[in-house]
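The next block holds one structure in the form of structure tokens; read it before the comments.
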Amino acid sequence: IVENTQKSKQHESVENEQTTNLFNRLNLKNSHLDKLTTADILQLNKFSLHWKEPQDETELIYAFLRKLMRINYMARYTSIKHKEKYYQINCTNEEKGHKLNETNCKLENQSEINFKIHPMDVQMAIFHCADSFLKQLMVTKLSQCQYALPLLVPDPFTQQLEFPLWTFRQINKSWSIKNSKNEIITKTQPVCKAATPMVAFFRFGQVSSSKSQLMSSLINEKHNTFFHRNCKGSSSTRVLMDGVVEISWYCPSGKHTDTFTDCVAFCNLHGDAGANEKQLNILAEMASVSVVLLPQLDRNDKNATKIQKIYKDSTTVICLLDENNSALTEMRKGKYKIGLKDRNQSEVIEELVRAINYGLSFSSTGSCSVFRLEDVARFSDIRVDELDLDDCRMGKEKAQQMMSLLEKTDLTQSKELLLPCQGKLWHQWCQKNKELHQPQGDKTEIDISRKKTDLKKIREQQHASVSSEFIQLFLKEINSLNPDEKMFFLKWLGILLDERTSEDLSALHLKYNIKCSEVLKLKKNHGKPEQLVAVQTELKTISEDLHSANFGLVHILREIGQIYESCSSVKKDKDGLQCHFSSLPGLAAEMMISGFPLELMDGDASHVPLIWVTAVFDELVKKLGNLRVFVLSVLGIQSTGKSTLLNTMFGLQFAVSAGRCTRGAFMQLVKVSDEMKTQLKFDYILIVDTEGLCSPELSGRKTRDHDNELATFVAGLGNLTLINIFGESLAEMQNILQIVVHAILRMKQVKLNPSCIFVHQNVSDITAKEKNMEGKRKLLEELDEMTELAAKDDVCDVQCFKDVIKFDPLDDVRYCAQLWEGNPPMAPPNPNYSENVQDLKETIFYHASQSDGIIMAFLSSLYGRTSQVTHVTMVP
């Protein structure tokens, strides 16, 4: 026993020395104590603006993270090339005159050359050295890259097992299945809540086959979900992966080509399962199917008892025999074996799929429990981050207290009852304010005075409305919590609100789609007019319910903004508030500095709350100083990937989805590092993400007016506007661009001189230079024609588009490859898309560095610019 204890201590000492050495080589000497933060990673520095492959081991960490934030799955293959010296020995006379043969070469001095750092050691080193928010962001991006995620992680120094449940909280998975009527049903669920079967893979002893490679081929044959020994950059030495359990989900598309007909979780225990008994027991207990990879064992093998226990206790066991070449064989009910030796891997995968499907169908009819990610936390002697981190636990408790106030309210009534200031009164105020500023020749002073009186009355009504207990509790918590608790509280509140609404929203979306199909059928078959009207009325009701049921953090902050505006108007505090109204903008400013996006334009009312926005900018100036800001905005048709473009470019998390996406406009601050401020000539970049144009939810003149106002606002607000186009055709954007040209001609009167870059997304043939040049020529011709027409209407001496907006057709037209490599939900993002976005980013900041005249001081320009653009917006 003493001898074994000594050996164990010696082994542990060697492992700790290797881990310390690895951290030192990666320049993470103290980062496991002083954690890396999201702010460290997302700020604009030389690595993010001028990309190059790492030249030194100390650059591996940031090279990996920069690629990962751009959802480039090649991040996991980031490595540097070691310069190794060889010399020739024992050469025959015949060989001396020939090229040096590697088989006759040896390393000159192996001891002088450090082992190559394993790519997964880079990933896990960052994971261990990141704070909770960076860990969560990192795991979310890994999921978007269709990579397996760390589920159970041993501490590199103490070997204490951790379950990082918090890191999974932002991840949702979507999949499609066929119901009993052969209809395709789409589900979207948070992975923490999803109830699925689980298939666990284990390896005992040393085997020649790669378990991780088999799993990757099983889940996605075109993408390495699990890193394995044959991946680029792999090496025989890895320090931080043994004992790590990774998880990934197979999500079906509802097609006949699906490998599995429902969502299935796959867990992979890295290393010898016999040496990681705790992980083995947890997975074996929760798995519906256990797949065990085995070498040739003798009767006295130390792992025999553990293997027998799995074989006996598990519902379904599939034994993969490394030294056997037999085909799939059922040894007894639910027990299978498959030989791997000298066999075609495609045949093995087919047999393995068949066996797993047998096991899943058998488990579904038996008493096997369904796997839920959250249930892993019930196992004893493992550390759960959500429970062990005091700030996280406190933030969750406070968010749950707020959610308890929503339990008794119907989802579609919650906003009306709890957030009264942003409802009908705010919409009435916006409409009257637009009427007040719209140019009308017959408008008299009496009309103007009456409208101003009406606006004041509405503000008084807003102020008189009772603040809900929900808002009062929110303000109480946000003012009492420390900075980390506040961050967790806001994150948790957003997560819990999304969980509350997601199921009902999915059901409403399904109803909406069914009614849309009915309307199309009735129109196609020339159905009875009264029947069509009835179905259209139902469709409108469902659409209103969808709007009412959408309740998130953005609506809470919008309510606080309206409370502030009403209090400012009547110059009096509001009864029931937990703080003075003048402190509210400071709370929003702190959130922006912490990395939260803030609503700039209310998408429901199509209005900018100028008083609120101005006050927030005032507070930002107080907290940060009167800094220089460059504003980047984006404009494009709905569902063309605007938010995805910004997220990929800056590593952000603007909401993305198909159909009902971003509403209004949101802004987020990104800091510029000190080393880059001189080159870029500004301190922050303000990213403005906007809702899509040509929304199917609006129709006729309402759509046209809304799009005209939004396009004018976006193009006028940004120093640089990305005009996002799906494909190469400009047809859908033509009318919108005409309005933009009209507006910017008039903006010259208030000394606004924006510029733009056209981004063509989903253009596959990006290497065809001649074709692209022809496309640029046609684009410029169309833009010049629009400008000429606009100039005639406004009686301006303008000849071409470049006279209106700073634009170079050679540099300011960009092409991006398609986002996905294959078909979702299992397709990974296309690395070419990420590279194209990086090129675009460099172009943007080249423009920024050259634009001395338009870099703005933080408050004066933003407020002035927003105010000017808001009033110009009314013109179209």
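Labeling convention for the structure tokens: chains A, B, ... as they appear, residues from 1 per chain, ligands from 1 in order of appearance.
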Region 194-345 of chain A: residues DSSP assigns to helix (DSSP H, G or I), reported as a ChimeraX atom specification: /A:211-219,273-275,277-286,304-313,345
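Residues in contact range of region 421-423 of chain A, defined as at most 10 Å between only C-alpha atoms, with sequence neighbours fewer than 3 positions away removed, read Lys415, Glu416, Leu417, Leu418, Trp426, His427, Gln428, Arg459, Gln461, Gln462, His463, Ala464, Ser465, Val466, Ser467, His555, Ile556, Arg558, Glu559, Ile560, Gly561, Gln562, Ile563, Glu565, Ser566, Asp602, Asp604 and Ala605 of chain A.
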Test item, strand (DSSP E or B) assignment across region 509-677 of chain A, answer as a compact mmCIF listing (two decimals) with all heavy atoms, in the first residue's frame:
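Done, and the output landed in out21.txt:
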```txt
# COMPACT_ATOMS: atom_id res chain seq x y z
N LEU A 598 -27.62 47.57 -26.05
CA LEU A 598 -28.71 48.43 -25.58
C LEU A 598 -29.55 48.85 -26.77
O LEU A 598 -29.01 49.14 -27.85
CB LEU A 598 -28.15 49.66 -24.86
CG LEU A 598 -29.18 50.54 -24.14
CD1 LEU A 598 -29.68 49.84 -22.88
CD2 LEU A 598 -28.57 51.89 -23.74
N GLU A 599 -30.86 48.90 -26.58
CA GLU A 599 -31.76 49.27 -27.67
C GLU A 599 -31.61 50.74 -28.01
O GLU A 599 -31.70 51.61 -27.14
CB GLU A 599 -33.21 48.97 -27.26
CG GLU A 599 -34.20 49.14 -28.39
CD GLU A 599 -35.60 48.74 -27.99
OE1 GLU A 599 -36.11 49.31 -27.00
OE2 GLU A 599 -36.19 47.86 -28.64
N LEU A 600 -31.36 51.02 -29.27
CA LEU A 600 -31.22 52.38 -29.76
C LEU A 600 -32.52 52.86 -30.39
O LEU A 600 -32.95 53.99 -30.20
CB LEU A 600 -30.08 52.46 -30.78
CG LEU A 600 -29.83 53.78 -31.49
CD1 LEU A 600 -29.47 54.87 -30.49
CD2 LEU A 600 -28.70 53.64 -32.50
N MET A 601 -33.16 51.98 -31.16
CA MET A 601 -34.46 52.30 -31.75
C MET A 601 -35.47 51.23 -31.33
O MET A 601 -35.19 50.04 -31.48
CB MET A 601 -34.38 52.36 -33.28
CG MET A 601 -35.75 52.51 -33.95
SD MET A 601 -35.69 52.32 -35.75
CE MET A 601 -35.29 54.00 -36.21
N ASP A 602 -36.59 51.66 -30.80
CA ASP A 602 -37.66 50.75 -30.41
C ASP A 602 -38.28 50.16 -31.69
O ASP A 602 -38.88 50.88 -32.48
CB ASP A 602 -38.71 51.52 -29.61
CG ASP A 602 -39.85 50.64 -29.12
OD1 ASP A 602 -40.11 49.60 -29.74
OD2 ASP A 602 -40.47 51.00 -28.11
N HIS A 607 -39.25 54.07 -33.22
CA HIS A 607 -38.91 55.40 -32.72
C HIS A 607 -37.68 55.33 -31.84
O HIS A 607 -37.46 54.35 -31.13
CB HIS A 607 -40.08 55.97 -31.91
CG HIS A 607 -40.04 57.46 -31.78
ND1 HIS A 607 -40.66 58.32 -32.66
CD2 HIS A 607 -39.44 58.25 -30.87
CE1 HIS A 607 -40.44 59.58 -32.30
NE2 HIS A 607 -39.70 59.55 -31.21
N ARG A 628 -13.38 59.20 -28.35
CA ARG A 628 -13.71 59.17 -29.78
C ARG A 628 -14.35 57.82 -30.12
O ARG A 628 -13.86 56.78 -29.71
CB ARG A 628 -12.46 59.38 -30.61
CG ARG A 628 -11.75 60.71 -30.37
CD ARG A 628 -10.35 60.67 -30.91
NE ARG A 628 -9.56 59.60 -30.31
CZ ARG A 628 -8.37 59.21 -30.75
NH1 ARG A 628 -7.84 59.78 -31.79
NH2 ARG A 628 -7.72 58.24 -30.14
N VAL A 629 -15.42 57.90 -30.92
CA VAL A 629 -16.18 56.69 -31.26
C VAL A 629 -16.38 56.62 -32.76
O VAL A 629 -16.69 57.63 -33.40
CB VAL A 629 -17.56 56.69 -30.55
CG1 VAL A 629 -18.38 55.49 -30.98
CG2 VAL A 629 -17.37 56.67 -29.05
N PHE A 630 -16.21 55.44 -33.30
CA PHE A 630 -16.51 55.18 -34.72
C PHE A 630 -17.76 54.31 -34.76
O PHE A 630 -17.84 53.29 -34.09
CB PHE A 630 -15.34 54.45 -35.39
CG PHE A 630 -15.53 54.22 -36.86
CD1 PHE A 630 -15.21 55.21 -37.78
CD2 PHE A 630 -16.03 53.01 -37.34
CE1 PHE A 630 -15.38 55.00 -39.14
CE2 PHE A 630 -16.20 52.79 -38.69
CZ PHE A 630 -15.87 53.79 -39.59
N VAL A 631 -18.76 54.74 -35.54
CA VAL A 631 -20.05 54.04 -35.58
C VAL A 631 -20.14 53.20 -36.85
O VAL A 631 -20.02 53.72 -37.96
CB VAL A 631 -21.24 55.03 -35.51
CG1 VAL A 631 -22.56 54.27 -35.48
CG2 VAL A 631 -21.12 55.91 -34.28
N LEU A 632 -20.36 51.90 -36.65
CA LEU A 632 -20.53 50.97 -37.77
C LEU A 632 -21.95 50.43 -37.72
O LEU A 632 -22.37 49.85 -36.72
CB LEU A 632 -19.53 49.81 -37.66
CG LEU A 632 -19.66 48.71 -38.71
CD1 LEU A 632 -19.23 49.23 -40.08
CD2 LEU A 632 -18.82 47.49 -38.33
N SER A 633 -22.71 50.63 -38.79
CA SER A 633 -24.09 50.14 -38.84
C SER A 633 -24.26 49.18 -40.01
O SER A 633 -23.40 49.10 -40.90
CB SER A 633 -25.08 51.32 -38.97
OG SER A 633 -24.80 52.07 -40.14
N VAL A 634 -25.38 48.44 -40.00
CA VAL A 634 -25.63 47.47 -41.05
C VAL A 634 -27.07 47.60 -41.53
O VAL A 634 -27.98 47.87 -40.74
CB VAL A 634 -25.34 46.03 -40.55
CG1 VAL A 634 -26.27 45.63 -39.42
CG2 VAL A 634 -25.42 45.01 -41.69
N LEU A 635 -27.27 47.42 -42.83
CA LEU A 635 -28.59 47.58 -43.45
C LEU A 635 -28.79 46.45 -44.45
O LEU A 635 -27.89 46.11 -45.21
CB LEU A 635 -28.65 48.94 -44.17
CG LEU A 635 -29.95 49.31 -44.88
CD1 LEU A 635 -31.04 49.58 -43.86
CD2 LEU A 635 -29.74 50.56 -45.73
N GLY A 636 -29.98 45.86 -44.44
CA GLY A 636 -30.23 44.79 -45.40
C GLY A 636 -31.62 44.20 -45.25
O GLY A 636 -32.35 44.50 -44.30
N ILE A 637 -31.99 43.35 -46.20
CA ILE A 637 -33.29 42.67 -46.17
C ILE A 637 -33.33 41.70 -44.99
O ILE A 637 -32.30 41.20 -44.53
CB ILE A 637 -33.52 41.91 -47.50
CG1 ILE A 637 -33.36 42.85 -48.70
CG2 ILE A 637 -34.90 41.25 -47.53
CD1 ILE A 637 -34.33 43.99 -48.74
N GLY A 664 -36.06 46.76 -34.50
CA GLY A 664 -35.46 48.05 -34.18
C GLY A 664 -33.97 48.06 -34.43
O GLY A 664 -33.47 47.48 -35.40
N ALA A 665 -33.23 48.72 -33.53
CA ALA A 665 -31.77 48.81 -33.66
C ALA A 665 -31.15 48.68 -32.28
O ALA A 665 -31.66 49.23 -31.30
CB ALA A 665 -31.38 50.15 -34.30
N PHE A 666 -30.04 47.97 -32.21
CA PHE A 666 -29.31 47.76 -30.95
C PHE A 666 -27.88 48.21 -31.13
O PHE A 666 -27.31 48.07 -32.22
CB PHE A 666 -29.36 46.29 -30.55
CG PHE A 666 -30.71 45.83 -30.09
CD1 PHE A 666 -31.68 45.46 -31.00
CD2 PHE A 666 -31.01 45.79 -28.74
CE1 PHE A 666 -32.93 45.06 -30.58
CE2 PHE A 666 -32.27 45.39 -28.30
CZ PHE A 666 -33.23 45.02 -29.22
N MET A 667 -27.30 48.72 -30.06
CA MET A 667 -25.92 49.19 -30.13
C MET A 667 -25.08 48.51 -29.06
O MET A 667 -25.55 48.23 -27.96
CB MET A 667 -25.86 50.71 -29.97
CG MET A 667 -26.55 51.24 -28.73
SD MET A 667 -26.55 53.04 -28.68
CE MET A 667 -27.52 53.34 -27.21
N GLN A 668 -23.84 48.24 -29.40
CA GLN A 668 -22.92 47.62 -28.46
C GLN A 668 -21.54 48.22 -28.61
O GLN A 668 -21.06 48.44 -29.73
CB GLN A 668 -22.87 46.10 -28.68
CG GLN A 668 -22.06 45.37 -27.63
CD GLN A 668 -22.32 43.87 -27.63
OE1 GLN A 668 -23.26 43.39 -28.27
NE2 GLN A 668 -21.49 43.12 -26.93
N LEU A 669 -20.90 48.50 -27.48
CA LEU A 669 -19.56 49.10 -27.48
C LEU A 669 -18.49 48.02 -27.56
O LEU A 669 -18.57 47.01 -26.87
CB LEU A 669 -19.34 49.91 -26.21
CG LEU A 669 -19.87 51.34 -26.17
CD1 LEU A 669 -19.68 51.91 -24.77
CD2 LEU A 669 -19.19 52.22 -27.19
N VAL A 670 -17.48 48.25 -28.39
CA VAL A 670 -16.30 47.39 -28.44
C VAL A 670 -15.09 48.28 -28.24
O VAL A 670 -14.89 49.27 -28.95
CB VAL A 670 -16.21 46.64 -29.79
CG1 VAL A 670 -14.92 45.82 -29.85
CG2 VAL A 670 -17.42 45.74 -29.99
N LYS A 671 -14.27 47.92 -27.26
CA LYS A 671 -13.13 48.75 -26.89
C LYS A 671 -11.95 48.53 -27.83
O LYS A 671 -11.72 47.42 -28.30
CB LYS A 671 -12.71 48.44 -25.45
CG LYS A 671 -11.64 49.37 -24.89
CD LYS A 671 -11.33 49.04 -23.44
CE LYS A 671 -10.29 50.00 -22.88
NZ LYS A 671 -9.96 49.69 -21.47
N VAL A 672 -11.20 49.58 -28.09
CA VAL A 672 -9.96 49.51 -28.86
C VAL A 672 -8.80 49.49 -27.87
O VAL A 672 -8.76 50.29 -26.93
CB VAL A 672 -9.83 50.71 -29.82
CG1 VAL A 672 -8.49 50.67 -30.54
CG2 VAL A 672 -10.98 50.72 -30.81
```
For Lys778 (chain A): contacts at 12 Å, only C-alpha atoms, fewer than 3 positions along chain excluded, given as a PyMOL selection string: chain A and resi 728-731+771-775+781-785+809+813
Compile the contact shell of Gly233 (chain A) as a PDB file with N, CA and C atoms, in the first residue's frame: residues with an atom at most 9 Å away, counting only C-alpha atoms, same-chain residues fewer than 2 positions apart removed.
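This went into selection-v8.pdb:
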```pdb
ATOM      1  N   ARG A  76      -9.386  25.006 -33.830  1.00  0.00           N
ATOM      2  CA  ARG A  76      -8.910  23.851 -33.074  1.00  0.00           C
ATOM      3  C   ARG A  76      -7.650  23.250 -33.692  1.00  0.00           C
ATOM      4  N   TYR A  77      -7.320  23.638 -34.894  1.00  0.00           N
ATOM      5  CA  TYR A  77      -6.123  23.115 -35.555  1.00  0.00           C
ATOM      6  C   TYR A  77      -4.996  24.156 -35.559  1.00  0.00           C
ATOM      7  N   THR A  78      -5.143  25.211 -34.746  1.00  0.00           N
ATOM      8  CA  THR A  78      -4.119  26.248 -34.670  1.00  0.00           C
ATOM      9  C   THR A  78      -2.844  25.687 -34.054  1.00  0.00           C
ATOM     10  N   SER A  79      -1.736  25.857 -34.720  1.00  0.00           N
ATOM     11  CA  SER A  79      -0.460  25.365 -34.179  1.00  0.00           C
ATOM     12  C   SER A  79       0.686  26.154 -34.804  1.00  0.00           C
ATOM     13  N   LYS A 116       5.583  18.790 -28.721  1.00  0.00           N
ATOM     14  CA  LYS A 116       4.650  19.678 -29.410  1.00  0.00           C
ATOM     15  C   LYS A 116       3.373  19.815 -28.585  1.00  0.00           C
ATOM     16  N   ILE A 117       2.876  21.037 -28.441  1.00  0.00           N
ATOM     17  CA  ILE A 117       1.659  21.255 -27.654  1.00  0.00           C
ATOM     18  C   ILE A 117       0.451  20.735 -28.427  1.00  0.00           C
ATOM     19  N   HIS A 118      -0.306  19.883 -27.766  1.00  0.00           N
ATOM     20  CA  HIS A 118      -1.486  19.280 -28.384  1.00  0.00           C
ATOM     21  C   HIS A 118      -2.574  20.343 -28.552  1.00  0.00           C
ATOM     22  N   PRO A 119      -3.278  20.395 -29.707  1.00  0.00           N
ATOM     23  CA  PRO A 119      -4.319  21.419 -29.916  1.00  0.00           C
ATOM     24  C   PRO A 119      -5.398  21.417 -28.837  1.00  0.00           C
ATOM     25  N   ARG A 229      -6.833  11.305 -32.988  1.00  0.00           N
ATOM     26  CA  ARG A 229      -5.385  11.201 -33.243  1.00  0.00           C
ATOM     27  C   ARG A 229      -4.998  11.481 -34.684  1.00  0.00           C
ATOM     28  N   ASN A 230      -5.962  11.373 -35.627  1.00  0.00           N
ATOM     29  CA  ASN A 230      -5.641  11.609 -37.035  1.00  0.00           C
ATOM     30  C   ASN A 230      -5.979  13.027 -37.499  1.00  0.00           C
ATOM     31  N   CYS A 231      -6.420  13.875 -36.563  1.00  0.00           N
ATOM     32  CA  CYS A 231      -6.691  15.271 -36.910  1.00  0.00           C
ATOM     33  C   CYS A 231      -5.383  16.034 -37.106  1.00  0.00           C
ATOM     34  N   SER A 235      -0.768  15.163 -31.619  1.00  0.00           N
ATOM     35  CA  SER A 235       0.524  14.633 -31.199  1.00  0.00           C
ATOM     36  C   SER A 235       0.292  13.567 -30.139  1.00  0.00           C
TER      37      SER A 235
END
```
Long-range neighbours of Ser543 (chain A) as a ChimeraX atom specification, 9 Å cut-off, only C-alpha atoms, 5 positions minimum in chain: /A:508-509,512,538,548,697
Those same residues - C-alpha atoms - I'd like them written as a tab-separated table (two decimals), in the first residue's frame.
```
chain	number	residue	atom	x	y	z
A	508	LEU	CA	-47.41	30.01	-31.74
A	509	HIS	CA	-44.93	29.87	-34.63
A	512	TYR	CA	-48.79	30.88	-37.54
A	538	GLU	CA	-57.04	34.40	-37.16
A	548	SER	CA	-47.16	39.99	-26.98
A	697	GLU	CA	-45.17	41.07	-41.05
```
Selection near Gln160 (chain A), 8 Å with only C-alpha atoms, sequence-local residues under 2 positions removed, as a PyMOL selection string: chain A and resi 154-155+158+162+382-383
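Considering only C-alpha atoms, the residue among A:Glu407, A:Asp34, A:Glu788, A:Glu435 positioned nearest to Lys452 (chain A) is A:Glu435.
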Neighbour list for Ser502 (chain A) as number ranges by chain, cut-off 12 Å, only C-alpha atoms, skip fewer than 5 positions in-chain: A: 172-174, 187-190, 193, 411, 494-497, 507-509, 546, 549-552
Kindly export the residues of the current selection with N, CA, C and O atoms, as a PDB file, in the first residue's frame.
```
ATOM      1  N   ASN A 172     -28.837  26.640 -27.380  1.00  0.00           N
ATOM      2  CA  ASN A 172     -30.082  26.009 -27.799  1.00  0.00           C
ATOM      3  C   ASN A 172     -29.795  25.121 -28.997  1.00  0.00           C
ATOM      4  O   ASN A 172     -28.918  25.426 -29.815  1.00  0.00           O
ATOM      5  N   LYS A 173     -30.522  24.038 -29.099  1.00  0.00           N
ATOM      6  CA  LYS A 173     -30.406  23.154 -30.259  1.00  0.00           C
ATOM      7  C   LYS A 173     -31.766  23.048 -30.952  1.00  0.00           C
ATOM      8  O   LYS A 173     -32.806  22.996 -30.300  1.00  0.00           O
ATOM      9  N   SER A 174     -31.728  23.007 -32.272  1.00  0.00           N
ATOM     10  CA  SER A 174     -32.950  22.851 -33.071  1.00  0.00           C
ATOM     11  C   SER A 174     -32.856  21.575 -33.877  1.00  0.00           C
ATOM     12  O   SER A 174     -31.780  21.245 -34.401  1.00  0.00           O
ATOM     13  N   LYS A 187     -38.314  21.408 -33.380  1.00  0.00           N
ATOM     14  CA  LYS A 187     -38.196  21.713 -31.954  1.00  0.00           C
ATOM     15  C   LYS A 187     -36.941  22.549 -31.721  1.00  0.00           C
ATOM     16  O   LYS A 187     -35.903  22.306 -32.328  1.00  0.00           O
ATOM     17  N   THR A 188     -37.048  23.508 -30.829  1.00  0.00           N
ATOM     18  CA  THR A 188     -35.887  24.276 -30.371  1.00  0.00           C
ATOM     19  C   THR A 188     -35.913  24.289 -28.856  1.00  0.00           C
ATOM     20  O   THR A 188     -36.907  24.718 -28.265  1.00  0.00           O
ATOM     21  N   GLN A 189     -34.845  23.786 -28.239  1.00  0.00           N
ATOM     22  CA  GLN A 189     -34.806  23.692 -26.780  1.00  0.00           C
ATOM     23  C   GLN A 189     -33.419  24.044 -26.254  1.00  0.00           C
ATOM     24  O   GLN A 189     -32.416  23.794 -26.925  1.00  0.00           O
ATOM     25  N   PRO A 190     -33.358  24.603 -25.036  1.00  0.00           N
ATOM     26  CA  PRO A 190     -32.052  24.760 -24.382  1.00  0.00           C
ATOM     27  C   PRO A 190     -31.474  23.379 -24.097  1.00  0.00           C
ATOM     28  O   PRO A 190     -32.209  22.483 -23.654  1.00  0.00           O
ATOM     29  N   LYS A 193     -32.190  21.674 -20.768  1.00  0.00           N
ATOM     30  CA  LYS A 193     -33.526  21.166 -20.475  1.00  0.00           C
ATOM     31  C   LYS A 193     -33.946  20.018 -21.386  1.00  0.00           C
ATOM     32  O   LYS A 193     -34.905  19.304 -21.080  1.00  0.00           O
ATOM     33  N   LEU A 411     -48.781  34.597 -20.527  1.00  0.00           N
ATOM     34  CA  LEU A 411     -47.614  35.051 -21.285  1.00  0.00           C
ATOM     35  C   LEU A 411     -47.954  36.208 -22.218  1.00  0.00           C
ATOM     36  O   LEU A 411     -47.189  37.168 -22.344  1.00  0.00           O
ATOM     37  N   GLY A 494     -32.125  36.949 -18.309  1.00  0.00           N
ATOM     38  CA  GLY A 494     -32.315  36.735 -19.745  1.00  0.00           C
ATOM     39  C   GLY A 494     -32.538  35.276 -20.078  1.00  0.00           C
ATOM     40  O   GLY A 494     -33.422  34.923 -20.880  1.00  0.00           O
ATOM     41  N   ILE A 495     -31.754  34.377 -19.450  1.00  0.00           N
ATOM     42  CA  ILE A 495     -31.882  32.935 -19.700  1.00  0.00           C
ATOM     43  C   ILE A 495     -33.251  32.421 -19.259  1.00  0.00           C
ATOM     44  O   ILE A 495     -33.934  31.692 -19.992  1.00  0.00           O
ATOM     45  N   LEU A 496     -33.679  32.805 -18.060  1.00  0.00           N
ATOM     46  CA  LEU A 496     -34.946  32.323 -17.519  1.00  0.00           C
ATOM     47  C   LEU A 496     -36.142  32.871 -18.292  1.00  0.00           C
ATOM     48  O   LEU A 496     -37.143  32.166 -18.496  1.00  0.00           O
ATOM     49  N   LEU A 497     -36.058  34.120 -18.741  1.00  0.00           N
ATOM     50  CA  LEU A 497     -37.131  34.684 -19.568  1.00  0.00           C
ATOM     51  C   LEU A 497     -37.224  33.958 -20.902  1.00  0.00           C
ATOM     52  O   LEU A 497     -38.321  33.672 -21.392  1.00  0.00           O
ATOM     53  N   ALA A 507     -44.895  27.023 -30.162  1.00  0.00           N
ATOM     54  CA  ALA A 507     -46.267  26.597 -30.475  1.00  0.00           C
ATOM     55  C   ALA A 507     -46.986  27.654 -31.310  1.00  0.00           C
ATOM     56  O   ALA A 507     -47.707  27.325 -32.272  1.00  0.00           O
ATOM     57  N   LEU A 508     -46.780  28.930 -30.970  1.00  0.00           N
ATOM     58  CA  LEU A 508     -47.412  30.010 -31.739  1.00  0.00           C
ATOM     59  C   LEU A 508     -46.845  30.093 -33.150  1.00  0.00           C
ATOM     60  O   LEU A 508     -47.588  30.341 -34.114  1.00  0.00           O
ATOM     61  N   HIS A 509     -45.545  29.886 -33.291  1.00  0.00           N
ATOM     62  CA  HIS A 509     -44.929  29.869 -34.627  1.00  0.00           C
ATOM     63  C   HIS A 509     -45.528  28.760 -35.475  1.00  0.00           C
ATOM     64  O   HIS A 509     -45.782  28.946 -36.676  1.00  0.00           O
ATOM     65  N   LEU A 546     -47.935  36.476 -30.888  1.00  0.00           N
ATOM     66  CA  LEU A 546     -46.484  36.280 -31.004  1.00  0.00           C
ATOM     67  C   LEU A 546     -45.736  37.513 -30.504  1.00  0.00           C
ATOM     68  O   LEU A 546     -44.745  37.412 -29.775  1.00  0.00           O
ATOM     69  N   ALA A 549     -46.180  37.788 -26.661  1.00  0.00           N
ATOM     70  CA  ALA A 549     -45.498  36.738 -25.896  1.00  0.00           C
ATOM     71  C   ALA A 549     -43.991  36.932 -25.854  1.00  0.00           C
ATOM     72  O   ALA A 549     -43.312  36.309 -25.035  1.00  0.00           O
ATOM     73  N   ASN A 550     -43.485  37.781 -26.727  1.00  0.00           N
ATOM     74  CA  ASN A 550     -42.030  38.015 -26.779  1.00  0.00           C
ATOM     75  C   ASN A 550     -41.636  38.940 -25.631  1.00  0.00           C
ATOM     76  O   ASN A 550     -41.820  40.147 -25.700  1.00  0.00           O
ATOM     77  N   PHE A 551     -41.110  38.377 -24.556  1.00  0.00           N
ATOM     78  CA  PHE A 551     -40.809  39.122 -23.334  1.00  0.00           C
ATOM     79  C   PHE A 551     -39.378  38.806 -22.928  1.00  0.00           C
ATOM     80  O   PHE A 551     -39.074  37.685 -22.534  1.00  0.00           O
ATOM     81  N   GLY A 552     -38.504  39.791 -23.015  1.00  0.00           N
ATOM     82  CA  GLY A 552     -37.103  39.560 -22.667  1.00  0.00           C
ATOM     83  C   GLY A 552     -36.511  40.730 -21.905  1.00  0.00           C
ATOM     84  O   GLY A 552     -37.205  41.686 -21.538  1.00  0.00           O
TER      85      GLY A 552
END
```
Interatomic distance (Å, one decimal) between CA of Ala39 (chain A) and CA of Val244 (chain A): 27.4 Å
